[in-house]
Amino acid sequence: MHIHNIAEEYAKNNHFIFLTGEAKHPEMLGTISFCGESYFVIENEEQVNTAIEKFKKSNKKKALIISQTTYSLEKFQNIVETIKKNIPLEKIEIKNTICNATKQRQEETEEMAKQVETMIIIGGKHSSNTNKLYELAKKHCKNVLFIETEKEIKEKEIKNNSMIGIMAGASTPEDSIKKVVEKLKKI
């Protein structure tokens, strides 16, 4: 995996590694195994100062910032900005390892949520990727439904809405999306 190769290369070159993402996510667990001993997993913006302190105590001269491929682009950018304010730029390498499809889906969700009365996010409740879409939609739309199947749509929740947006997580089956659309057309 690309992110593993990056982590391994920079760890061998004596970098401290800041990993943004969910500590228990399988991708992150795999990436951690390539980081050596000098790393910190930053799950949210509140942990950045702790991560910076760990870097300073590590006596490493250089740092790398990488991310779980499905992590929130907005959170990643905010974390990077905070680190850059506290560590001289010449000591930091930044590799945006967030998947392009993930970035695009997040940007589209945010834009669509600003324009609709109801936003429907389709996907697994345990999917990191789909949960991020849901979080983004909630920032810009008052009525957001997070569903796995069309059976979860209640007519009363959407009946009087003329503009409804639909976004699905990366691993949501095409058939699930089609069934949601069909149900909406009937309502």
# chains A, B, ... in the order shown; residues from 1 in each chain; ligands from 1
>>> select_by_dssp(residues="region 20-107 of chain A", states="strand (DSSP E)", output="ChimeraX atom specification")
/A:20,39-42,62-67,92-94
>>> residues_around(residues="region 72-79 of chain A", least_positions_apart="3", cutoff="7 Å", atoms="only C-alpha atoms", output="ChimeraX atom specification")
/A:20,45,48,82-83,103,132
>>> atom_distance(atom1="CA of Asp175 (chain A)", atom2="CA of Ile153 (chain A)")
15.8 Å
>>> atom_distance(atom1="CA of Glu108 (chain A)", atom2="CA of Val144 (chain A)")
15.0 Å
>>> residues_around(residues="Cys99 (chain A)", least_positions_apart="5", cutoff="10 Å", atoms="only C-alpha atoms", output="list in words")
Ser67, Gln68, Thr69, Thr70, Tyr71, Leu73, Gln104 and Arg105 of chain A
>>> residues_around(residues="Ile158 (chain A)", least_positions_apart="2", cutoff="12 Å", atoms="only C-alpha atoms", output="ChimeraX atom specification")
/A:116-120,143-145,152-156,160-165,183-187
>>> select_by_dssp(residues="chain A", states="helix (DSSP H, G or I)", output="PyMOL selection string")
chain A and resi 2-12+26-32+45-58+73-86+89-91+100-113+128-140+150-152+155-158+174-186
>>> closest_atom_pairs(of="region 156-185 of chain A", to="region 124-131 of chain A", cutoff="10 Å", atoms="only C-alpha atoms", output="CSV")
residue,atom,partner,partner_atom,distance
A:Met167,CA,A:Thr130,CA,9.0
A:Ala168,CA,A:Thr130,CA,7.0
A:Gly169,CA,A:Thr130,CA,4.5
A:Ala170,CA,A:Asn129,CA,7.0
A:Ser171,CA,A:Gly124,CA,8.4
A:Thr172,CA,A:Gly124,CA,7.4
>>> closest_residue(among="A:Gly30, A:Gly123, A:Pro173, A:Gly21", to="His2 (chain A)", atoms="only C-alpha atoms")
A:Gly30
>>> closest_residue(among="A:Glu150, A:Glu107, A:Glu22, A:Glu27", to="Phe40 (chain A)", atoms="only C-alpha atoms")
A:Glu22
>>> closest_residue(among="A:Ile177, A:Leu19, A:Ala7, A:Ile65", to="Lys95 (chain A)", atoms="only C-alpha atoms")
A:Ile65
>>> closest_residue(among="A:Lys114, A:Ala137, A:Leu64, A:Thr109", to="Glu90 (chain A)", atoms="only C-alpha atoms")
A:Leu64
>>> residues_around(residues="Tyr10 (chain A)", least_positions_apart="5", cutoff="9 Å", atoms="only C-alpha atoms", output="list in words")
Asn5, His15, Phe16, Ile17, Cys35, Ala63 and Leu64 of chain A
>>> atom_distance(atom1="CA of Asn100 (chain A)", atom2="CA of Ile6 (chain A)")
17.0 Å
